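Colleague: Pasting a structure below so you can have a look.
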Amino acid sequence: MSAPPATALAWAAADPYDAALRAGRGPLFLRRADGWLLPLEVERWCARADPVDRDVLDRCEGSVLDVGCGPGRLVAELASTGRPALGIDVSEAAVEHTVRLGGQALRRSVFEPLPGEGRWDTVLLMDGNIGIGGDPRALLERVAGLLRPGGLLIAETAPADVDERVRVHITDAHAATGDPFPWARLGTRALLGYAQGCWERDGQWTAGGRRFAALRSRSSRTTSSSSAEPPKRTAVISSQRARNTSAGRPVADR
């Protein structure tokens with residue numbers, strides 16, 4: 001399965017994101033065509049895992065795949081405790097930062113072939129990454145194929161009760177970069193709606209002003225694990241770039 005071309009190409013031109021990760025700070029936003037801005041929490045992502053993050057990681061089971069791992073605070077935290085974990089991100093800067101922190105990461109899109117398909121115990125979609133590709137149903141279907149039957153998905157949802165698909169640019173508050181690309185923002189209610197039929201609810205909670213939902217893939221799902229690879233060592237593979245974003249509230253145009 002390949003990455004949505006428009007999204008991958010647009011992110012590939014989004015140099016402000018890589019620059020912000022390398023600097024460890026913003027400002028950085030997703031900008032809608034009407035000027036509406038969604039702030040990206042670069043400083044928090046580049047810091048070590050905080051208590052809210054660690055609570056999420058305590059809920060993880062077995063091997064963990066962090067989709068859109070960004071600069072790798074979660075993968076590094078898991079690695080520091082000896083937990084098997086892999087981050088994937090299509091940003092070169094994100095993968096490099098994750099590796100420097102001591103985590104394993106691949107430069108790869110979630111829609112590309114991945115190691116261990118059908119055998120991961122937990123998949124994380126943190127920091128608004130439920131929005132990847134702008135099509136929540138397609139992303140949930142893809143994640144179900146990555147998990148073992150009965151595996152766990154933990155997703156961070158928007159703090160507002162929203163179900164929104166938009167086209168956005170990435171911007172550092174000076175100018176939008178590259179072509180617009182699709183993104184989605186989902187509150188917990190919307191996520192649970194998209195999950196009906198293929199997933200079982202496994203809990204939802206709020207901590208530190210952030211909201212989360214846990215879903216479990218149907219244990220009766222059949223998997224084709226014969227062609228899947230086991231999780232690999234650290235590598236940089238893809239030429240694509242993509243980003244994770246904040247689940248925070250948008251702010252007015254500046």
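Ordered as shown in the structure tokens, chains take letters A, B, and onward, while each chain numbers its residues from 1 and ligands are numbered from 1 in the order shown.
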Please identify all polymer residues within 10 Å of range 59-67 of chain A, counting only C-alpha atoms, omitting same-chain residues fewer than 6 positions from it, and present them as an mmCIF file with N, CA, C and O atoms, in the first residue's frame.
Modeller:
data_model
loop_
_atom_site.group_PDB
_atom_site.id
_atom_site.type_symbol
_atom_site.label_atom_id
_atom_site.label_comp_id
_atom_site.auth_asym_id
_atom_site.auth_seq_id
_atom_site.Cartn_x
_atom_site.Cartn_y
_atom_site.Cartn_z
ATOM 1 N N LEU A 74 8.713 9.398 22.672
ATOM 2 C CA LEU A 74 8.016 8.217 23.177
ATOM 3 C C LEU A 74 8.825 6.945 22.913
ATOM 4 O O LEU A 74 8.935 6.078 23.782
ATOM 5 N N VAL A 75 9.378 6.843 21.716
ATOM 6 C CA VAL A 75 10.202 5.670 21.386
ATOM 7 C C VAL A 75 11.419 5.611 22.303
ATOM 8 O O VAL A 75 11.790 4.541 22.801
ATOM 9 N N LEU A 78 10.388 4.436 25.802
ATOM 10 C CA LEU A 78 10.187 2.986 25.821
ATOM 11 C C LEU A 78 11.521 2.249 25.788
ATOM 12 O O LEU A 78 11.733 1.283 26.524
ATOM 13 N N ARG A 83 11.662 -1.659 26.624
ATOM 14 C CA ARG A 83 10.488 -2.106 25.883
ATOM 15 C C ARG A 83 10.798 -2.131 24.390
ATOM 16 O O ARG A 83 11.415 -1.208 23.864
ATOM 17 N N PRO A 84 10.365 -3.149 23.654
ATOM 18 C CA PRO A 84 10.582 -3.181 22.206
ATOM 19 C C PRO A 84 9.701 -2.146 21.519
ATOM 20 O O PRO A 84 8.467 -2.167 21.659
ATOM 21 N N ALA A 85 10.308 -1.222 20.796
ATOM 22 C CA ALA A 85 9.554 -0.134 20.179
ATOM 23 C C ALA A 85 10.253 0.328 18.916
ATOM 24 O O ALA A 85 11.482 0.318 18.822
ATOM 25 N N LEU A 86 9.461 0.771 17.949
ATOM 26 C CA LEU A 86 9.958 1.324 16.699
ATOM 27 C C LEU A 86 9.134 2.546 16.352
ATOM 28 O O LEU A 86 7.900 2.516 16.448
ATOM 29 N N GLY A 87 9.804 3.622 15.961
ATOM 30 C CA GLY A 87 9.111 4.788 15.453
ATOM 31 C C GLY A 87 9.219 4.837 13.943
ATOM 32 O O GLY A 87 10.225 4.405 13.366
ATOM 33 N N ILE A 88 8.178 5.344 13.289
ATOM 34 C CA ILE A 88 8.262 5.615 11.859
ATOM 35 C C ILE A 88 7.852 7.058 11.621
ATOM 36 O O ILE A 88 6.944 7.587 12.264
ATOM 37 N N ASP A 89 8.557 7.704 10.728
ATOM 38 C CA ASP A 89 8.244 9.076 10.347
ATOM 39 C C ASP A 89 8.905 9.321 9.008
ATOM 40 O O ASP A 89 9.982 8.782 8.744
ATOM 41 N N VAL A 90 8.280 10.131 8.152
ATOM 42 C CA VAL A 90 8.872 10.385 6.853
ATOM 43 C C VAL A 90 9.726 11.651 6.848
ATOM 44 O O VAL A 90 10.178 12.087 5.805
ATOM 45 N N ALA A 105 14.193 3.966 14.764
ATOM 46 C CA ALA A 105 13.241 4.633 13.880
ATOM 47 C C ALA A 105 13.563 4.344 12.429
ATOM 48 O O ALA A 105 14.725 4.164 12.060
ATOM 49 N N ARG A 108 9.885 6.215 7.025
ATOM 50 C CA ARG A 108 8.915 5.502 6.211
ATOM 51 C C ARG A 108 7.512 5.992 6.538
ATOM 52 O O ARG A 108 7.220 6.380 7.662
ATOM 53 N N SER A 109 6.648 5.965 5.541
ATOM 54 C CA SER A 109 5.237 6.308 5.719
ATOM 55 C C SER A 109 4.467 5.113 6.266
ATOM 56 O O SER A 109 4.806 3.963 5.975
ATOM 57 N N VAL A 110 3.412 5.387 7.000
ATOM 58 C CA VAL A 110 2.570 4.312 7.513
ATOM 59 C C VAL A 110 1.911 3.539 6.381
ATOM 60 O O VAL A 110 1.555 2.368 6.545
ATOM 61 N N PRO A 115 7.973 -3.235 8.741
ATOM 62 C CA PRO A 115 8.367 -4.475 9.429
ATOM 63 C C PRO A 115 7.298 -4.934 10.411
ATOM 64 O O PRO A 115 6.591 -4.124 11.008
ATOM 65 N N GLY A 116 7.178 -6.228 10.555
ATOM 66 C CA GLY A 116 6.289 -6.803 11.561
ATOM 67 C C GLY A 116 4.812 -6.635 11.292
ATOM 68 O O GLY A 116 4.003 -6.682 12.225
ATOM 69 N N ARG A 119 1.761 -8.131 13.362
ATOM 70 C CA ARG A 119 2.270 -8.736 14.583
ATOM 71 C C ARG A 119 2.564 -7.716 15.697
ATOM 72 O O ARG A 119 3.007 -8.111 16.775
ATOM 73 N N TRP A 120 2.354 -6.439 15.464
ATOM 74 C CA TRP A 120 2.570 -5.463 16.530
ATOM 75 C C TRP A 120 1.499 -5.599 17.601
ATOM 76 O O TRP A 120 0.322 -5.827 17.311
ATOM 77 N N ASP A 121 1.908 -5.459 18.851
ATOM 78 C CA ASP A 121 0.956 -5.550 19.969
ATOM 79 C C ASP A 121 0.232 -4.225 20.204
ATOM 80 O O ASP A 121 -0.941 -4.216 20.587
ATOM 81 N N THR A 122 0.943 -3.100 20.006
ATOM 82 C CA THR A 122 0.366 -1.778 20.232
ATOM 83 C C THR A 122 0.815 -0.844 19.111
ATOM 84 O O THR A 122 1.977 -0.873 18.703
ATOM 85 N N VAL A 123 -0.106 -0.017 18.627
ATOM 86 C CA VAL A 123 0.224 1.082 17.717
ATOM 87 C C VAL A 123 -0.194 2.384 18.384
ATOM 88 O O VAL A 123 -1.275 2.472 18.976
ATOM 89 N N LEU A 124 0.671 3.389 18.303
ATOM 90 C CA LEU A 124 0.380 4.718 18.841
ATOM 91 C C LEU A 124 0.124 5.693 17.700
ATOM 92 O O LEU A 124 0.862 5.727 16.713
ATOM 93 N N LEU A 125 -0.934 6.503 17.850
ATOM 94 C CA LEU A 125 -1.208 7.642 16.985
ATOM 95 C C LEU A 125 -1.355 8.850 17.914
ATOM 96 O O LEU A 125 -2.456 9.253 18.273
ATOM 97 N N MET A 126 -0.236 9.407 18.294
ATOM 98 C CA MET A 126 -0.216 10.502 19.270
ATOM 99 C C MET A 126 -0.144 11.851 18.571
ATOM 100 O O MET A 126 0.068 11.942 17.364
ATOM 101 N N ASN A 129 -1.953 12.537 15.303
ATOM 102 C CA ASN A 129 -1.618 11.744 14.122
ATOM 103 C C ASN A 129 -2.774 10.921 13.574
ATOM 104 O O ASN A 129 -2.633 10.296 12.521
ATOM 105 N N ILE A 130 -3.915 10.914 14.261
ATOM 106 C CA ILE A 130 -5.105 10.314 13.671
ATOM 107 C C ILE A 130 -5.486 11.068 12.393
ATOM 108 O O ILE A 130 -6.232 10.568 11.561
ATOM 109 N N ILE A 132 -3.412 11.814 9.922
ATOM 110 C CA ILE A 132 -2.521 11.495 8.801
ATOM 111 C C ILE A 132 -3.326 11.051 7.575
ATOM 112 O O ILE A 132 -4.152 10.144 7.655
ATOM 113 N N VAL A 143 -3.946 0.653 10.161
ATOM 114 C CA VAL A 143 -3.430 0.311 11.488
ATOM 115 C C VAL A 143 -3.901 -1.083 11.905
ATOM 116 O O VAL A 143 -3.134 -1.854 12.500
ATOM 117 N N LEU A 146 -1.633 -3.619 10.728
ATOM 118 C CA LEU A 146 -0.320 -3.652 11.369
ATOM 119 C C LEU A 146 -0.351 -4.420 12.684
ATOM 120 O O LEU A 146 0.645 -5.004 13.091
ATOM 121 N N LEU A 147 -1.499 -4.389 13.360
ATOM 122 C CA LEU A 147 -1.628 -5.020 14.669
ATOM 123 C C LEU A 147 -1.899 -6.513 14.562
ATOM 124 O O LEU A 147 -2.508 -6.983 13.597
ATOM 125 N N GLY A 151 -4.927 -6.670 18.962
ATOM 126 C CA GLY A 151 -3.929 -5.681 19.334
ATOM 127 C C GLY A 151 -4.547 -4.345 19.713
ATOM 128 O O GLY A 151 -5.719 -4.077 19.446
ATOM 129 N N LEU A 152 -3.730 -3.481 20.310
ATOM 130 C CA LEU A 152 -4.197 -2.245 20.927
ATOM 131 C C LEU A 152 -3.760 -1.027 20.119
ATOM 132 O O LEU A 152 -2.593 -0.914 19.753
ATOM 133 N N LEU A 153 -4.703 -0.125 19.861
ATOM 134 C CA LEU A 153 -4.411 1.186 19.301
ATOM 135 C C LEU A 153 -4.712 2.235 20.359
ATOM 136 O O LEU A 153 -5.797 2.239 20.945
ATOM 137 N N ILE A 154 -3.740 3.120 20.612
ATOM 138 C CA ILE A 154 -3.975 4.270 21.475
ATOM 139 C C ILE A 154 -3.815 5.511 20.620
ATOM 140 O O ILE A 154 -2.759 5.730 20.015
ATOM 141 N N ALA A 214 -8.576 4.398 23.490
ATOM 142 C CA ALA A 214 -7.942 3.106 23.220
ATOM 143 C C ALA A 214 -8.943 2.217 22.494
ATOM 144 O O ALA A 214 -10.111 2.117 22.886
ATOM 145 N N PRO A 231 10.393 -6.777 13.411
ATOM 146 C CA PRO A 231 10.921 -5.429 13.589
ATOM 147 C C PRO A 231 12.423 -5.386 13.361
ATOM 148 O O PRO A 231 13.159 -6.279 13.760
ATOM 149 N N ARG A 243 4.549 14.540 8.760
ATOM 150 C CA ARG A 243 4.671 15.143 10.074
ATOM 151 C C ARG A 243 3.567 14.697 10.997
ATOM 152 O O ARG A 243 2.456 14.452 10.568
ATOM 153 N N ASN A 244 3.849 14.706 12.301
ATOM 154 C CA ASN A 244 2.782 14.609 13.275
ATOM 155 C C ASN A 244 2.414 16.008 13.728
ATOM 156 O O ASN A 244 3.192 16.925 13.649
#
Colleague: Which polymer residues have any atom within 7 Å of an atom of range 25-30 of chain A, counting only C-alpha atoms, with same-chain residues fewer than 6 positions away left out, as a VMD selection string?
Modeller: chain A and resid 37 to 40 42 to 43 168 to 173
Colleague: Print the selection's residues with N, CA, C and O atoms to a file, as a short mmCIF file (atom, residue, chain, number, x, y, z; two decimals), in the first residue's frame.
Modeller:
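Listing of result31.cif after writing:
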data_model
loop_
_atom_site.label_atom_id
_atom_site.label_comp_id
_atom_site.auth_asym_id
_atom_site.auth_seq_id
_atom_site.Cartn_x
_atom_site.Cartn_y
_atom_site.Cartn_z
N LEU A 37 -5.19 28.86 11.84
CA LEU A 37 -3.93 28.23 12.18
C LEU A 37 -4.10 27.18 13.28
O LEU A 37 -4.82 27.40 14.26
N LEU A 38 -3.41 26.07 13.14
CA LEU A 38 -3.33 25.04 14.18
C LEU A 38 -1.88 24.99 14.66
O LEU A 38 -0.98 24.67 13.89
N PRO A 39 -1.62 25.35 15.91
CA PRO A 39 -0.24 25.36 16.39
C PRO A 39 0.32 23.96 16.57
O PRO A 39 -0.38 23.05 17.01
N LEU A 40 1.58 23.77 16.23
CA LEU A 40 2.28 22.51 16.40
C LEU A 40 3.23 22.65 17.59
O LEU A 40 4.03 23.59 17.64
N VAL A 42 6.10 22.00 18.94
CA VAL A 42 7.46 21.53 18.66
C VAL A 42 8.28 21.37 19.93
O VAL A 42 8.98 20.37 20.11
N GLU A 43 8.20 22.35 20.83
CA GLU A 43 9.00 22.28 22.06
C GLU A 43 8.65 21.06 22.89
O GLU A 43 9.54 20.36 23.42
N VAL A 168 -4.43 21.79 4.21
CA VAL A 168 -3.60 22.74 4.95
C VAL A 168 -2.22 22.86 4.31
O VAL A 168 -1.79 22.00 3.54
N HIS A 169 -1.52 23.94 4.66
CA HIS A 169 -0.11 24.11 4.41
C HIS A 169 0.62 24.07 5.75
O HIS A 169 0.02 24.36 6.79
N ILE A 170 1.90 23.76 5.72
CA ILE A 170 2.72 23.93 6.91
C ILE A 170 3.42 25.29 6.80
O ILE A 170 3.85 25.69 5.72
N THR A 171 3.48 26.01 7.92
CA THR A 171 4.04 27.35 7.91
C THR A 171 4.75 27.65 9.22
O THR A 171 4.37 27.13 10.27
N ASP A 172 5.77 28.48 9.13
CA ASP A 172 6.48 28.92 10.33
C ASP A 172 6.03 30.32 10.73
O ASP A 172 6.75 31.06 11.37
N ALA A 173 4.82 30.69 10.30
CA ALA A 173 4.20 31.99 10.59
C ALA A 173 4.66 33.08 9.65
O ALA A 173 4.20 34.21 9.74
#
Colleague: Which of range 45-240 of chain A counts as helix (DSSP H, G or I) under DSSP, as a PDB file with C-alpha atoms, in the first residue's frame please?
Modeller:
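Generated output (result_14.pdb):
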ATOM      1  CA  TRP A  45       7.696  17.041  21.065  1.00  0.00           C
ATOM      2  CA  CYS A  46      11.436  17.719  21.276  1.00  0.00           C
ATOM      3  CA  PRO A  51       3.921  12.418  32.922  1.00  0.00           C
ATOM      4  CA  VAL A  52       0.953  12.325  30.524  1.00  0.00           C
ATOM      5  CA  ASP A  53       3.086  10.583  27.905  1.00  0.00           C
ATOM      6  CA  ARG A  54       4.404   8.096  30.447  1.00  0.00           C
ATOM      7  CA  ASP A  55       0.859   7.237  31.520  1.00  0.00           C
ATOM      8  CA  VAL A  56       0.056   6.407  27.896  1.00  0.00           C
ATOM      9  CA  LEU A  57       3.185   4.290  27.600  1.00  0.00           C
ATOM     10  CA  ASP A  58       2.262   2.409  30.775  1.00  0.00           C
ATOM     11  CA  ARG A  59      -0.940   1.323  29.006  1.00  0.00           C
ATOM     12  CA  ARG A  73      10.383  11.177  22.803  1.00  0.00           C
ATOM     13  CA  LEU A  74       8.016   8.217  23.177  1.00  0.00           C
ATOM     14  CA  VAL A  75      10.202   5.670  21.386  1.00  0.00           C
ATOM     15  CA  ALA A  76      13.205   6.799  23.416  1.00  0.00           C
ATOM     16  CA  GLU A  77      11.269   6.528  26.671  1.00  0.00           C
ATOM     17  CA  LEU A  78      10.187   2.986  25.821  1.00  0.00           C
ATOM     18  CA  ALA A  79      13.743   2.059  24.833  1.00  0.00           C
ATOM     19  CA  SER A  80      15.092   3.395  28.133  1.00  0.00           C
ATOM     20  CA  GLU A  92      14.635  12.870   8.040  1.00  0.00           C
ATOM     21  CA  ALA A  93      15.103  15.270  10.965  1.00  0.00           C
ATOM     22  CA  ALA A  94      12.567  13.333  13.051  1.00  0.00           C
ATOM     23  CA  VAL A  95      14.288  10.001  12.465  1.00  0.00           C
ATOM     24  CA  GLU A  96      17.727  11.462  13.187  1.00  0.00           C
ATOM     25  CA  HIS A  97      16.495  13.029  16.436  1.00  0.00           C
ATOM     26  CA  THR A  98      14.875   9.761  17.544  1.00  0.00           C
ATOM     27  CA  VAL A  99      18.083   7.839  16.946  1.00  0.00           C
ATOM     28  CA  ARG A 100      20.122  10.431  18.875  1.00  0.00           C
ATOM     29  CA  ASN A 129      -1.618  11.744  14.122  1.00  0.00           C
ATOM     30  CA  ILE A 130      -5.105  10.314  13.671  1.00  0.00           C
ATOM     31  CA  GLY A 131      -5.203  13.051  11.021  1.00  0.00           C
ATOM     32  CA  ILE A 132      -2.521  11.495   8.801  1.00  0.00           C
ATOM     33  CA  GLY A 133      -3.712  11.329   5.187  1.00  0.00           C
ATOM     34  CA  GLY A 134      -6.985  13.143   5.872  1.00  0.00           C
ATOM     35  CA  PRO A 136      -9.571   8.398   9.212  1.00  0.00           C
ATOM     36  CA  ARG A 137     -11.245   5.241   7.905  1.00  0.00           C
ATOM     37  CA  ALA A 138      -8.316   4.444   5.618  1.00  0.00           C
ATOM     38  CA  LEU A 139      -5.820   5.077   8.412  1.00  0.00           C
ATOM     39  CA  LEU A 140      -7.727   2.901  10.881  1.00  0.00           C
ATOM     40  CA  GLU A 141      -7.903   0.121   8.301  1.00  0.00           C
ATOM     41  CA  ARG A 142      -4.169   0.366   7.750  1.00  0.00           C
ATOM     42  CA  VAL A 143      -3.430   0.311  11.488  1.00  0.00           C
ATOM     43  CA  ALA A 144      -5.640  -2.761  11.911  1.00  0.00           C
ATOM     44  CA  GLY A 145      -3.428  -4.511   9.380  1.00  0.00           C
ATOM     45  CA  LEU A 146      -0.320  -3.652  11.369  1.00  0.00           C
ATOM     46  CA  THR A 188     -13.072  11.142  20.616  1.00  0.00           C
ATOM     47  CA  ARG A 189     -16.709  10.804  19.564  1.00  0.00           C
ATOM     48  CA  ALA A 190     -15.791  11.042  15.885  1.00  0.00           C
ATOM     49  CA  LEU A 191     -12.962   8.527  16.256  1.00  0.00           C
ATOM     50  CA  LEU A 192     -15.266   6.016  17.921  1.00  0.00           C
ATOM     51  CA  GLY A 193     -17.755   6.515  15.105  1.00  0.00           C
ATOM     52  CA  TYR A 194     -15.171   5.716  12.445  1.00  0.00           C
ATOM     53  CA  ALA A 195     -14.053   2.691  14.458  1.00  0.00           C
ATOM     54  CA  SER A 225       1.750 -12.463   8.511  1.00  0.00           C
ATOM     55  CA  SER A 226       3.674 -14.887   6.344  1.00  0.00           C
ATOM     56  CA  SER A 227       5.043 -12.004   4.271  1.00  0.00           C
TER      57      SER A 227
END
Colleague: Rank A:Glu112, A:Asp15, A:Asp34, A:Glu41 by their smallest atom-to-atom distance to Asp127 in chain A, using only C-alpha atoms, and report the top residue only.
Modeller: A:Glu41
Colleague: Could you name the residues that touch Asp202 in chain A at 7 Å or less, counting only C-alpha atoms, but leaving out those on the same chain fewer than 2 positions away, as JSON, numbers by chain?
Modeller: {"A": [200, 214, 215, 216]}
Colleague: Could you work out how far CA of Glu117 in chain A lies from CA of Trp199 in chain A, giving the answer in Å with one decimal?
Modeller: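 Computing the Euclidean distance for CA of Trp199 in chain A and CA of Glu117 in chain A yields 17.5 Å.
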Colleague: Please report, as JSON, numbers by chain, each residue of range 2-220 of chain A to which DSSP assigns strand (DSSP E) when run on this structure's backbone.
Modeller: {"A": [29, 30, 31, 32, 37, 38, 39, 64, 65, 66, 67, 85, 86, 87, 88, 89, 105, 106, 107, 120, 121, 122, 123, 124, 125, 147, 148, 149, 150, 151, 152, 153, 154, 155, 156, 157, 163, 164, 165, 166, 167, 168, 169, 170, 171, 176, 177, 178, 179, 180, 181, 182, 183, 184, 185, 186, 199, 200, 201, 202, 203, 204, 205, 206, 207, 210, 211, 212, 213, 214, 215, 216, 217]}
Colleague: What separation in Å, quoted to one decimal, exists between CA of Ala160 in chain A and CA of Gly187 in chain A?
Modeller: 5.7 Å
Colleague: Given the choices A:Ala184, A:Asp135, A:Pro16, A:Gln196, which gets closest to Ser217 in chain A if the distance is worked out from only C-alpha atoms?
Modeller: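 When distances to Ser217 in chain A are compared using only C-alpha atoms, the smallest one comes from A:Gln196.
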Colleague: Separation of CA of Ala158 in chain A and CA of Phe212 in chain A, in Å?
Modeller: 8.6 Å
Colleague: Could you check the closest approach to Thr157 in chain A for each of A:Arg107, A:Arg48, A:Arg32, A:Arg210 and tell me which residue wins, using only C-alpha atoms?
Modeller: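 Distance minimum relative to Thr157 in chain A lands on A:Arg210.
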